[in-house]
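Source file: protein_36.txt. Holds: compact mmCIF, C-alpha atoms and all ligand atoms.
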```txt
# COMPACT_ATOMS: atom_id res chain seq x y z
CA MET I 1 -6.96 24.69 -22.45
CA ASP I 2 -7.66 21.01 -22.01
CA SER I 3 -4.87 18.62 -22.94
CA PRO I 4 -5.84 15.84 -25.36
CA LYS I 5 -8.01 13.23 -23.65
CA GLU I 6 -6.13 9.97 -23.61
CA THR I 7 -7.28 6.51 -22.72
CA ILE I 8 -5.80 4.08 -20.24
CA ARG I 9 -5.80 0.44 -21.18
CA ALA I 10 -5.44 -1.93 -18.24
CA HIS I 11 -4.39 -5.50 -18.89
CA SER I 12 -4.69 -8.52 -16.64
CA PRO I 13 -1.26 -9.20 -15.10
CA ALA I 14 -2.27 -12.87 -15.01
CA THR I 15 -3.35 -13.42 -18.63
CA GLY I 16 -2.38 -10.23 -20.47
CA ALA I 17 -6.00 -9.86 -21.64
CA LEU I 18 -7.36 -6.33 -21.95
CA LEU I 19 -9.49 -5.65 -18.87
CA VAL I 20 -10.71 -2.17 -19.59
CA GLU I 21 -10.10 0.85 -21.76
CA ILE I 22 -11.27 4.06 -20.17
CA ARG I 23 -10.84 7.74 -20.71
CA ALA I 24 -8.06 9.20 -18.62
CA THR I 25 -8.55 12.49 -16.83
CA ALA I 26 -6.79 15.15 -18.90
CA PRO I 27 -4.20 17.06 -16.85
CA GLY I 28 -5.93 20.23 -18.07
CA GLU I 29 -9.16 19.15 -16.36
CA VAL I 30 -7.64 18.84 -12.92
CA MET I 31 -7.96 22.52 -11.89
CA ALA I 32 -11.70 22.47 -12.56
CA LEU I 33 -12.12 19.21 -10.63
CA LEU I 34 -10.24 20.72 -7.69
CA ALA I 35 -12.47 23.81 -7.85
CA ALA I 36 -15.55 21.56 -7.77
CA ALA I 37 -14.18 19.63 -4.78
CA ARG I 38 -13.51 22.95 -3.01
CA ALA I 39 -17.03 24.15 -3.82
CA ALA I 40 -18.48 20.96 -2.30
CA PHE I 41 -16.33 21.28 0.83
CA PRO I 42 -18.33 23.71 3.06
CA ALA I 43 -21.60 21.78 2.83
CA TRP I 44 -19.88 18.44 3.47
CA ARG I 45 -17.82 19.88 6.33
CA ASP I 46 -20.91 21.37 7.96
CA LEU I 47 -22.87 18.11 8.01
CA PRO I 48 -23.05 16.52 11.46
CA ILE I 49 -20.40 13.81 11.64
CA GLY I 50 -23.15 11.22 12.09
CA GLN I 51 -24.41 11.93 8.57
CA ARG I 52 -20.95 11.57 7.10
CA LEU I 53 -20.54 8.30 8.99
CA ASP I 54 -23.90 7.06 7.66
CA CYS I 55 -22.43 7.28 4.15
CA VAL I 56 -19.44 5.25 5.31
CA THR I 57 -21.68 2.60 6.86
CA ARG I 58 -23.65 2.31 3.62
CA LEU I 59 -20.43 2.04 1.65
CA ARG I 60 -19.12 -0.70 3.93
CA LYS I 61 -22.37 -2.62 3.66
CA LEU I 62 -22.23 -2.37 -0.13
CA LEU I 63 -18.73 -3.84 -0.04
CA VAL I 64 -20.01 -6.78 1.99
CA GLU I 65 -23.14 -7.27 -0.14
CA ARG I 66 -21.02 -7.25 -3.31
CA LEU I 67 -18.17 -9.22 -1.74
CA ASP I 68 -17.68 -11.91 -4.41
CA GLU I 69 -17.82 -9.38 -7.22
CA VAL I 70 -15.39 -7.02 -5.46
CA VAL I 71 -12.94 -9.84 -4.70
CA ALA I 72 -13.09 -10.97 -8.34
CA LEU I 73 -12.53 -7.41 -9.57
CA VAL I 74 -9.49 -6.81 -7.33
CA ALA I 75 -8.08 -10.25 -8.23
CA ALA I 76 -8.52 -9.56 -11.95
CA ALA I 77 -6.95 -6.09 -11.69
CA THR I 78 -3.84 -7.25 -9.83
CA GLY I 79 -3.59 -10.95 -10.72
CA LYS I 80 -3.48 -11.79 -7.02
CA PRO I 81 -5.22 -14.96 -5.82
CA ASP I 82 -8.79 -14.56 -4.58
CA VAL I 83 -7.84 -15.21 -0.97
CA GLU I 84 -5.20 -12.47 -1.11
CA ALA I 85 -7.69 -10.00 -2.60
CA LEU I 86 -10.21 -10.96 0.07
CA ALA I 87 -7.82 -10.82 3.02
CA SER I 88 -5.53 -7.93 2.24
CA ASP I 89 -7.83 -5.65 0.29
CA VAL I 90 -11.50 -6.23 1.00
CA LEU I 91 -11.44 -7.54 4.55
CA VAL I 92 -8.93 -4.93 5.69
CA SER I 93 -11.02 -2.17 4.11
CA VAL I 94 -14.24 -3.38 5.73
CA ASP I 95 -12.49 -3.78 9.07
CA VAL I 96 -10.90 -0.32 9.04
CA LEU I 97 -14.12 1.36 7.90
CA ARG I 98 -15.93 -0.34 10.76
CA TYR I 99 -13.20 0.87 13.13
CA TYR I 100 -13.64 4.48 11.95
CA GLU I 101 -17.40 4.21 12.24
CA ARG I 102 -16.93 3.22 15.89
CA GLU I 103 -14.06 5.49 16.83
CA ALA I 104 -14.20 8.59 14.60
CA ARG I 105 -16.36 10.68 16.93
CA GLN I 106 -13.85 10.17 19.71
CA ILE I 107 -10.78 10.56 17.50
CA LEU I 108 -12.10 13.90 16.23
CA ALA I 109 -13.49 15.17 19.53
CA ASP I 110 -12.09 18.34 21.08
CA GLU I 111 -9.31 17.68 23.58
CA PRO I 112 -9.21 19.98 26.60
CA ARG I 113 -5.73 21.09 27.71
CA ARG I 114 -4.54 22.64 30.96
CA GLY I 115 -3.49 26.27 30.59
CA THR I 116 -0.46 28.05 32.00
CA LEU I 117 -0.52 30.13 35.17
CA LEU I 118 -0.61 33.35 33.20
CA TYR I 119 -3.75 32.30 31.28
CA ARG I 120 -5.40 30.39 34.11
CA LEU I 121 -8.80 31.91 33.40
CA SER I 122 -8.69 30.90 29.76
CA LYS I 123 -9.94 27.66 28.29
CA PHE I 124 -7.57 25.60 26.10
CA LEU I 125 -8.76 23.10 23.52
CA VAL I 126 -7.22 21.12 20.70
CA THR I 127 -9.82 20.92 17.95
CA TYR I 128 -9.62 18.95 14.73
CA GLN I 129 -10.60 20.83 11.59
CA PRO I 130 -10.87 19.47 8.04
CA MET I 131 -8.34 20.91 5.63
CA GLY I 132 -10.41 21.29 2.47
CA ALA I 133 -10.00 19.35 -0.78
CA VAL I 134 -7.53 16.54 -0.14
CA ALA I 135 -5.62 14.62 -2.82
CA VAL I 136 -5.19 10.89 -2.23
CA ILE I 137 -2.69 9.26 -4.62
CA ALA I 138 -2.61 5.47 -4.41
CA PRO I 139 -0.50 2.51 -5.59
CA TRP I 140 -1.60 -0.72 -7.27
CA ASN I 141 -0.43 -3.41 -4.85
CA HIS I 142 -3.46 -3.20 -2.54
CA PRO I 143 -5.52 -1.02 -4.82
CA LEU I 144 -8.75 -1.05 -2.84
CA GLN I 145 -7.44 -0.75 0.70
CA LEU I 146 -4.77 1.86 0.03
CA ALA I 147 -7.14 4.11 -1.92
CA LEU I 148 -10.40 3.64 -0.05
CA VAL I 149 -9.14 3.82 3.53
CA PRO I 150 -7.31 7.18 3.30
CA ALA I 151 -10.13 8.60 1.15
CA VAL I 152 -12.76 7.59 3.70
CA ALA I 153 -10.66 8.84 6.62
CA ALA I 154 -10.40 12.25 4.96
CA LEU I 155 -14.12 12.27 4.16
CA ILE I 156 -15.15 11.39 7.72
CA ALA I 157 -13.08 14.28 9.01
CA GLY I 158 -15.07 16.61 6.73
CA ASN I 159 -12.72 17.00 3.77
CA THR I 160 -13.66 16.42 0.17
CA VAL I 161 -11.37 14.08 -1.75
CA LEU I 162 -9.73 13.85 -5.14
CA LEU I 163 -8.56 10.27 -5.49
CA LYS I 164 -6.05 9.20 -8.10
CA PRO I 165 -5.77 5.42 -8.14
CA SER I 166 -2.88 3.71 -9.89
CA GLU I 167 -3.04 3.64 -13.68
CA LEU I 168 -2.32 -0.10 -13.38
CA THR I 169 -5.59 -0.75 -11.53
CA PRO I 170 -8.15 1.73 -12.93
CA THR I 171 -11.06 -0.71 -12.54
CA VAL I 172 -10.64 -0.47 -8.77
CA GLY I 173 -10.84 3.32 -9.06
CA GLN I 174 -14.04 2.95 -11.04
CA LEU I 175 -15.43 0.65 -8.36
CA ILE I 176 -14.64 3.15 -5.59
CA ALA I 177 -16.36 5.96 -7.52
CA GLU I 178 -19.41 3.75 -7.98
CA LEU I 179 -19.52 2.65 -4.33
CA GLY I 180 -19.24 6.27 -3.20
CA ALA I 181 -22.13 7.35 -5.41
CA ASP I 182 -24.26 4.36 -4.36
CA ALA I 183 -23.52 5.11 -0.70
CA GLY I 184 -24.99 8.58 -1.18
CA LEU I 185 -21.90 10.76 -1.12
CA PRO I 186 -22.91 14.18 -2.46
CA ARG I 187 -21.56 15.41 -5.76
CA GLY I 188 -18.00 16.72 -5.44
CA ALA I 189 -17.30 14.90 -2.14
CA LEU I 190 -15.30 12.12 -3.81
CA THR I 191 -13.88 12.58 -7.31
CA VAL I 192 -11.84 9.84 -8.97
CA LEU I 193 -9.17 10.99 -11.43
CA GLN I 194 -7.91 8.28 -13.73
CA GLY I 195 -4.43 8.31 -15.21
CA GLY I 196 -0.74 7.91 -14.56
CA PRO I 197 2.07 10.15 -13.33
CA GLU I 198 1.00 13.06 -15.56
CA VAL I 199 -2.38 13.23 -13.83
CA GLY I 200 -0.74 12.80 -10.41
CA LYS I 201 1.65 15.65 -11.19
CA ALA I 202 -1.20 17.86 -12.39
CA LEU I 203 -3.10 17.11 -9.18
CA VAL I 204 -0.15 18.09 -7.00
CA ALA I 205 0.52 21.20 -9.09
CA ALA I 206 -3.13 22.28 -8.86
CA GLY I 207 -2.55 22.90 -5.15
CA PRO I 208 -4.89 20.69 -3.09
CA ASP I 209 -5.17 21.51 0.61
CA LYS I 210 -3.37 18.31 1.64
CA ILE I 211 -1.76 15.37 -0.14
CA PHE I 212 -1.86 11.81 1.15
CA PHE I 213 0.46 9.67 -0.97
CA THR I 214 1.20 5.96 -0.84
CA GLY I 215 3.79 4.60 -3.25
CA SER I 216 7.46 4.39 -4.05
CA LEU I 217 10.31 6.35 -2.51
CA ALA I 218 11.15 8.06 -5.82
CA THR I 219 7.61 9.29 -6.39
CA GLY I 220 7.25 10.34 -2.76
CA ARG I 221 10.39 12.42 -3.06
CA ALA I 222 9.12 14.09 -6.27
CA ILE I 223 5.75 14.85 -4.67
CA LEU I 224 7.32 16.30 -1.53
CA ALA I 225 9.53 18.58 -3.65
CA ALA I 226 6.61 19.71 -5.84
CA ALA I 227 4.36 20.26 -2.80
CA ALA I 228 7.03 22.39 -1.15
CA GLU I 229 6.43 25.02 -3.84
CA GLY I 230 2.91 25.62 -2.59
CA LEU I 231 3.62 24.71 1.06
CA ILE I 232 1.06 21.91 0.76
CA PRO I 233 1.03 19.57 3.77
CA VAL I 234 1.96 16.02 2.69
CA SER I 235 1.72 12.59 4.30
CA LEU I 236 3.92 9.96 2.66
CA GLU I 237 3.63 6.17 2.98
CA LEU I 238 6.66 4.87 1.06
CA GLY I 239 8.55 1.67 0.38
CA GLY I 240 11.01 -0.25 2.54
CA ASN I 241 13.63 -2.98 2.60
CA ASP I 242 12.48 -4.65 5.74
CA PRO I 243 14.60 -7.12 7.71
CA MET I 244 13.43 -10.07 9.78
CA ILE I 245 15.74 -11.46 12.48
CA VAL I 246 15.47 -15.02 13.81
CA PHE I 247 17.35 -15.92 16.99
CA GLU I 248 18.29 -19.47 17.97
CA ASP I 249 15.68 -19.65 20.74
CA ALA I 250 12.78 -18.80 18.39
CA ASP I 251 9.90 -21.21 17.82
CA LEU I 252 11.21 -22.52 14.52
CA GLY I 253 7.85 -23.55 13.06
CA ARG I 254 6.32 -20.13 13.69
CA ALA I 255 9.41 -18.29 12.46
CA VAL I 256 9.47 -20.32 9.22
CA ALA I 257 5.75 -19.67 8.68
CA GLY I 258 6.24 -15.97 9.44
CA ALA I 259 9.16 -15.64 7.03
CA THR I 260 7.33 -17.55 4.30
CA TYR I 261 4.19 -15.44 4.63
CA GLY I 262 6.13 -12.20 5.05
CA ALA I 263 8.30 -12.76 1.99
CA PHE I 264 5.86 -14.35 -0.44
CA ALA I 265 2.35 -13.04 0.32
CA ASN I 266 1.11 -11.00 -2.64
CA ALA I 267 4.18 -12.32 -4.51
CA GLY I 268 6.34 -10.18 -2.21
CA GLN I 269 4.69 -7.00 -3.48
CA ASN I 270 4.01 -5.57 -0.03
CA CYS I 271 5.51 -2.40 1.40
CA VAL I 272 6.18 -4.27 4.65
CA ALA I 273 7.28 -7.57 3.07
CA VAL I 274 10.16 -9.49 4.62
CA GLU I 275 12.87 -8.43 2.19
CA ARG I 276 15.95 -9.67 4.09
CA LEU I 277 16.18 -12.50 6.58
CA TYR I 278 18.96 -12.79 9.18
CA VAL I 279 19.20 -16.11 11.04
CA GLN I 280 21.48 -16.94 13.96
CA ARG I 281 24.28 -19.19 12.71
CA SER I 282 23.54 -22.13 15.05
CA ILE I 283 20.12 -22.66 13.43
CA HIS I 284 20.87 -21.15 10.00
CA ASP I 285 21.18 -24.38 8.00
CA ARG I 286 18.15 -26.00 9.63
CA PHE I 287 16.11 -22.84 9.11
CA LEU I 288 17.22 -22.50 5.50
CA ALA I 289 16.18 -26.09 4.75
CA ARG I 290 12.76 -25.56 6.30
CA VAL I 291 12.05 -22.21 4.68
CA THR I 292 13.17 -23.67 1.32
CA GLU I 293 10.77 -26.57 1.77
CA ALA I 294 7.94 -24.17 2.72
CA ALA I 295 8.66 -21.95 -0.32
CA GLU I 296 8.60 -24.93 -2.66
CA ARG I 297 5.20 -25.99 -1.37
CA LEU I 298 3.59 -22.67 -2.35
CA ARG I 299 1.30 -22.76 -5.38
CA VAL I 300 1.82 -20.13 -8.03
CA GLY I 301 -1.25 -19.33 -10.14
CA SER I 302 -4.50 -17.46 -9.80
CA GLY I 303 -8.06 -17.85 -8.59
CA ARG I 304 -8.90 -19.98 -5.57
CA GLU I 305 -6.16 -22.59 -5.80
CA ALA I 306 -3.12 -20.32 -5.70
CA ASP I 307 -0.97 -18.84 -2.95
CA LEU I 308 0.75 -16.22 -5.07
CA GLY I 309 0.11 -14.60 -8.42
CA PRO I 310 2.15 -12.74 -11.02
CA ILE I 311 4.49 -9.78 -10.85
CA ILE I 312 2.46 -6.71 -11.76
CA SER I 313 4.37 -5.47 -14.83
CA ASP I 314 7.12 -6.22 -17.35
CA GLY I 315 9.20 -3.40 -15.86
CA GLN I 316 9.06 -5.00 -12.43
CA ARG I 317 9.95 -8.39 -13.96
CA GLU I 318 13.05 -6.84 -15.54
CA LYS I 319 14.03 -5.25 -12.23
CA LEU I 320 13.80 -8.63 -10.44
CA THR I 321 15.79 -10.35 -13.18
CA GLY I 322 18.53 -7.72 -12.83
CA LEU I 323 18.64 -8.06 -9.02
CA LEU I 324 18.88 -11.86 -9.28
CA GLU I 325 21.66 -11.65 -11.88
CA ASP I 326 23.62 -9.24 -9.69
CA ALA I 327 23.22 -11.48 -6.61
CA LEU I 328 24.12 -14.69 -8.47
CA GLY I 329 27.10 -12.97 -10.07
CA ARG I 330 28.38 -12.07 -6.59
CA GLY I 331 28.05 -15.60 -5.24
CA ALA I 332 24.45 -15.98 -4.01
CA ARG I 333 23.16 -19.60 -4.14
CA PRO I 334 19.49 -20.24 -4.83
CA THR I 335 18.11 -23.11 -2.75
CA THR I 336 14.96 -23.21 -4.88
CA PRO I 337 14.90 -23.30 -8.69
CA ILE I 338 14.58 -19.85 -10.29
CA ARG I 339 11.54 -20.51 -12.39
CA TRP I 340 9.60 -17.93 -14.41
CA GLU I 341 6.31 -18.73 -16.14
CA GLY I 342 5.39 -15.58 -18.02
CA ASN I 343 5.24 -12.88 -15.34
CA ARG I 344 5.01 -15.42 -12.53
CA LEU I 345 8.12 -16.08 -10.51
CA HIS I 346 8.11 -19.14 -8.27
CA PRO I 347 9.31 -18.26 -4.75
CA VAL I 348 13.08 -17.93 -4.64
CA VAL I 349 15.19 -18.47 -1.51
CA LEU I 350 18.77 -17.24 -1.78
CA ALA I 351 21.63 -18.31 0.49
CA GLY I 352 25.21 -17.03 0.47
CA VAL I 353 24.12 -13.40 0.25
CA ASP I 354 25.93 -10.34 1.63
CA HIS I 355 25.44 -6.59 1.69
CA SER I 356 27.52 -5.96 -1.43
CA MET I 357 24.51 -7.28 -3.40
CA ARG I 358 21.88 -4.86 -4.62
CA ILE I 359 19.19 -7.29 -3.52
CA MET I 360 20.11 -6.51 0.12
CA GLN I 361 20.21 -2.75 -0.39
CA THR I 362 17.05 -1.96 -2.33
CA GLU I 363 13.33 -2.65 -2.13
CA VAL I 364 12.91 -5.86 -4.15
CA PHE I 365 9.09 -6.05 -4.25
CA GLY I 366 9.00 -9.62 -5.51
CA PRO I 367 8.95 -13.23 -4.23
CA ILE I 368 12.64 -13.45 -3.39
CA LEU I 369 13.94 -14.17 0.12
CA PRO I 370 17.66 -13.68 0.76
CA VAL I 371 18.84 -15.44 3.94
CA MET I 372 22.04 -14.49 5.75
CA PRO I 373 23.60 -15.85 8.98
CA PHE I 374 24.70 -13.75 11.95
CA ASP I 375 26.53 -14.54 15.17
CA SER I 376 25.59 -11.95 17.79
CA GLU I 377 22.61 -9.76 18.56
CA ASP I 378 24.71 -6.64 17.91
CA GLU I 379 25.66 -7.94 14.49
CA ALA I 380 22.03 -8.74 13.64
CA VAL I 381 20.89 -5.26 14.62
CA ALA I 382 23.75 -3.65 12.69
CA LEU I 383 22.88 -5.67 9.57
CA ALA I 384 19.19 -4.83 9.89
CA ASN I 385 20.03 -1.13 10.19
CA ASP I 386 22.51 -1.18 7.30
CA SER I 387 19.95 0.18 4.84
CA PRO I 388 18.87 3.59 3.63
CA HIS I 389 15.23 2.52 4.07
CA GLY I 390 13.21 2.38 7.23
CA LEU I 391 9.62 1.17 7.27
CA ASN I 392 8.94 -2.03 9.20
P1 LIG C 1 4.52 4.57 -7.62
O1 LIG C 1 5.25 5.52 -6.78
O2 LIG C 1 5.07 4.20 -8.93
O3 LIG C 1 3.04 5.11 -7.93
C1 LIG C 1 2.13 5.44 -6.90
C2 LIG C 1 1.10 6.44 -7.42
O4 LIG C 1 1.75 7.68 -7.70
C3 LIG C 1 0.43 6.01 -8.71
O5 LIG C 1 -0.93 6.38 -8.64
C4 LIG C 1 1.16 6.83 -9.77
O6 LIG C 1 0.41 7.08 -10.93
C5 LIG C 1 1.40 8.12 -9.00
N1 LIG C 1 2.52 8.94 -9.49
C6 LIG C 1 3.65 8.52 -10.11
N2 LIG C 1 4.49 9.56 -10.31
C7 LIG C 1 3.88 10.67 -9.81
C8 LIG C 1 4.25 12.04 -9.70
N3 LIG C 1 5.43 12.49 -10.14
N4 LIG C 1 3.38 12.88 -9.08
C9 LIG C 1 2.22 12.44 -8.59
N5 LIG C 1 1.80 11.15 -8.68
C10 LIG C 1 2.63 10.27 -9.28
O7 LIG C 1 4.29 3.28 -6.71
P2 LIG C 1 3.61 1.89 -7.12
O8 LIG C 1 4.53 1.12 -8.00
O9 LIG C 1 2.21 2.12 -7.56
O10 LIG C 1 3.52 1.17 -5.70
C11 LIG C 1 4.55 0.40 -5.15
C12 LIG C 1 5.31 1.19 -4.11
O11 LIG C 1 4.43 1.65 -3.10
C13 LIG C 1 6.35 0.34 -3.39
O12 LIG C 1 7.51 1.11 -3.22
C14 LIG C 1 5.70 0.07 -2.05
O13 LIG C 1 6.59 -0.21 -1.00
C15 LIG C 1 4.95 1.34 -1.81
N6 LIG C 1 3.86 1.12 -0.84
C16 LIG C 1 3.95 1.70 0.40
C17 LIG C 1 2.96 1.44 1.33
C18 LIG C 1 2.99 2.05 2.71
O14 LIG C 1 1.95 2.07 3.36
N7 LIG C 1 4.13 2.52 3.18
C19 LIG C 1 1.88 0.64 0.98
C20 LIG C 1 1.84 0.07 -0.29
C21 LIG C 1 2.84 0.34 -1.21
```
The structure in this file should be written as structure tokens.
Ligand code: NAD
Amino acid sequence: MDSPKETIRAHSPATGALLVEIRATAPGEVMALLAAARAAFPAWRDLPIGQRLDCVTRLRKLLVERLDEVVALVAAATGKPDVEALASDVLVSVDVLRYYEREARQILADEPRRGTLLYRLSKFLVTYQPMGAVAVIAPWNHPLQLALVPAVAALIAGNTVLLKPSELTPTVGQLIAELGADAGLPRGALTVLQGGPEVGKALVAAGPDKIFFTGSLATGRAILAAAAEGLIPVSLELGGNDPMIVFEDADLGRAVAGATYGAFANAGQNCVAVERLYVQRSIHDRFLARVTEAAERLRVGSGREADLGPIISDGQREKLTGLLEDALGRGARPTTPIRWEGNRLHPVVLAGVDHSMRIMQTEVFGPILPVMPFDSEDEAVALANDSPHGLN
């Protein structure tokens, strides 16, 4: 029996205005959608790869033709500045699609292997086979790139795809469905399921032939456990708490620019953001002054004039507030003012931090850069590795 059909309402993180209200996929519908994707699989798999790649080329060209509209849509969905939407979502997607168009034949080609003495008359090959109907579950922080690229990769290899975009950015999911249809993907090749964790759970429980998940550690863990029940192969792209280390012989200008970009691009909401910065003591104060200056110069806002936009949700805002309170309570010293305007946090640089603070131990996912001195290379490496996370 179908569950009640609910709606998702997506609001602009920048203005709070309602962006869209759409019908969510009911968890009870997911089995039938998976069956349809499985039914579409043999015909799609059996197409020559060139025909599958033609669809990808058309899709990429549509992205380029509709560039301004797509950038505006991604910027509205996430609140990120236009240049961020262009660079980290649209351009990356176009670039990677182009890469697959060029390389996929070779990536998927049979690979001959040498046999053993016993089987010297036999022929050995590694061949790449599609898996069937693949679930792609995506996050909101780069909602186009992180949904489209894995979906297209699976499609090129001959799989059909059930894509669940983040419930925070459903308009990007709608766009991908539209681009796929306009690019000529056959019915059932790419199905977009809209909704939140309940729909994601239903998709995993339905038993797709493979799951490709990008998102948080906690969700990744839950998906891996649920997938274990059905022995479903899973690829996980999770969060991190990534360190950057600056030694005294570094080019200071480049290191400051790298730290500033790494920590504050997309308002710090990047899986591979610079989350912790360790600077050799001899240059620590000079570096801190320069990175503080660079952080203060960044423009917080939206559209074309801004460098960073808002934090995606109230929940994330509360998490950042809690992490800052904990750090300040344990002696951290902000070298920039801690300034909130609605859900926008101006870049924060924190000195006087240590590993007793939660901000050094967990994925922050916001525009906060804690800076800590070190003396020796061994100490820097030990500090960098003193984390349960490992990503970048
Ligand atoms: P999230 O884990 O909250 O949600 C990701 C997706 O999973 C969403 O579509 C959500 O609806 C769905 N989901 C939630 N619970 C589920 C469940 N139990 N079963 C199935 N699906 C479920 O993550 P988020 O807040 O959207 O994204 C931010 C996180 O993603 C950060 O931790 C970030 O580091 C990580 N991330 C990682 C990479 C990478 O490539 N490693 C890239 C971008 C983001």
Can you tell me which residues sit at most 8 Å away from ligand LIG 1 (chain C), counting only C-alpha atoms and all ligand atoms, written as a PDB file with C-alpha atoms, in the frame of the given file?
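Listing of result-v5.pdb after writing:
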```
ATOM      1  CA  ILE I 137      -2.690   9.260  -4.620  1.00  0.00           C
ATOM      2  CA  ALA I 138      -2.610   5.470  -4.410  1.00  0.00           C
ATOM      3  CA  PRO I 139      -0.500   2.510  -5.590  1.00  0.00           C
ATOM      4  CA  TRP I 140      -1.600  -0.720  -7.270  1.00  0.00           C
ATOM      5  CA  ASN I 141      -0.430  -3.410  -4.850  1.00  0.00           C
ATOM      6  CA  HIS I 142      -3.460  -3.200  -2.540  1.00  0.00           C
ATOM      7  CA  LEU I 146      -4.770   1.860   0.030  1.00  0.00           C
ATOM      8  CA  LYS I 164      -6.050   9.200  -8.100  1.00  0.00           C
ATOM      9  CA  PRO I 165      -5.770   5.420  -8.140  1.00  0.00           C
ATOM     10  CA  SER I 166      -2.880   3.710  -9.890  1.00  0.00           C
ATOM     11  CA  GLU I 167      -3.040   3.640 -13.680  1.00  0.00           C
ATOM     12  CA  LEU I 168      -2.320  -0.100 -13.380  1.00  0.00           C
ATOM     13  CA  GLY I 195      -4.430   8.310 -15.210  1.00  0.00           C
ATOM     14  CA  GLY I 196      -0.740   7.910 -14.560  1.00  0.00           C
ATOM     15  CA  PRO I 197       2.070  10.150 -13.330  1.00  0.00           C
ATOM     16  CA  GLU I 198       1.000  13.060 -15.560  1.00  0.00           C
ATOM     17  CA  VAL I 199      -2.380  13.230 -13.830  1.00  0.00           C
ATOM     18  CA  GLY I 200      -0.740  12.800 -10.410  1.00  0.00           C
ATOM     19  CA  LYS I 201       1.650  15.650 -11.190  1.00  0.00           C
ATOM     20  CA  ALA I 202      -1.200  17.860 -12.390  1.00  0.00           C
ATOM     21  CA  LEU I 203      -3.100  17.110  -9.180  1.00  0.00           C
ATOM     22  CA  VAL I 204      -0.150  18.090  -7.000  1.00  0.00           C
ATOM     23  CA  PHE I 213       0.460   9.670  -0.970  1.00  0.00           C
ATOM     24  CA  THR I 214       1.200   5.960  -0.840  1.00  0.00           C
ATOM     25  CA  GLY I 215       3.790   4.600  -3.250  1.00  0.00           C
ATOM     26  CA  SER I 216       7.460   4.390  -4.050  1.00  0.00           C
ATOM     27  CA  LEU I 217      10.310   6.350  -2.510  1.00  0.00           C
ATOM     28  CA  ALA I 218      11.150   8.060  -5.820  1.00  0.00           C
ATOM     29  CA  THR I 219       7.610   9.290  -6.390  1.00  0.00           C
ATOM     30  CA  GLY I 220       7.250  10.340  -2.760  1.00  0.00           C
ATOM     31  CA  ALA I 222       9.120  14.090  -6.270  1.00  0.00           C
ATOM     32  CA  ILE I 223       5.750  14.850  -4.670  1.00  0.00           C
ATOM     33  CA  LEU I 236       3.920   9.960   2.660  1.00  0.00           C
ATOM     34  CA  GLU I 237       3.630   6.170   2.980  1.00  0.00           C
ATOM     35  CA  LEU I 238       6.660   4.870   1.060  1.00  0.00           C
ATOM     36  CA  GLY I 239       8.550   1.670   0.380  1.00  0.00           C
ATOM     37  CA  GLY I 240      11.010  -0.250   2.540  1.00  0.00           C
ATOM     38  CA  GLN I 269       4.690  -7.000  -3.480  1.00  0.00           C
ATOM     39  CA  ASN I 270       4.010  -5.570  -0.030  1.00  0.00           C
ATOM     40  CA  CYS I 271       5.510  -2.400   1.400  1.00  0.00           C
ATOM     41  CA  VAL I 272       6.180  -4.270   4.650  1.00  0.00           C
ATOM     42  CA  GLU I 363      13.330  -2.650  -2.130  1.00  0.00           C
ATOM     43  CA  PHE I 365       9.090  -6.050  -4.250  1.00  0.00           C
ATOM     44  CA  LEU I 391       9.620   1.170   7.270  1.00  0.00           C
TER      45      LEU I 391
END
```
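Here the question is which of I:Gln280, I:Asn241, I:Ser313, I:Thr292 gets nearest to Val364 in chain I using all atoms listed in the file, and that residue is I:Asn241.
Interatomic distance, CA of Leu320 in chain I against CA of Arg304 in chain I: 25.8 Å.
Comparing the minimum interatomic distances between Ala205 in chain I and each of I:Ser387, I:Val30, I:Ser235, I:Phe264, counting all atoms listed in the file, we find that I:Val30 sits nearest.
Here the question is which of I:Leu18, I:Ile311, I:Ala351, I:Ala40 gets nearest to Ala133 in chain I using only C-alpha atoms, and that residue is I:Ala40.
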If we count all atoms listed in the file, what is near range 381-384 of chain I at a cut-off of 9 Å, once residues fewer than 2 positions away on the same chain are taken out, given as a PyMOL selection string? chain I and resi 242-245+276-278+355+374+376-379+386-387
What lies within 7 Å of Leu59 in chain I using only C-alpha atoms, ignoring chain neighbours under 5 positions off, as a VMD selection string? chain I and resid 179 to 180 183
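Among I:Val161, I:Ala14, I:Ala228, I:Ile359, the residue with the shortest atom-to-atom distance to Lys80 in chain I, counting all atoms listed in the file, is I:Ala14.
The space separating CA of Asp68 in chain I from CA of Ser302 in chain I comes to 15.3 Å.
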From the list I:Ala35, I:Ala76, I:Leu47, I:Val291, the nearest residue to Pro170 in chain I using all atoms listed in the file is I:Ala76
Within 7 Å of Met131 in chain I, counting all atoms listed in the file, which residues show up once you throw out same-chain ones fewer than 5 positions away? Write them as a list in words, please. Asn159, Asp209 and Lys210 of chain I
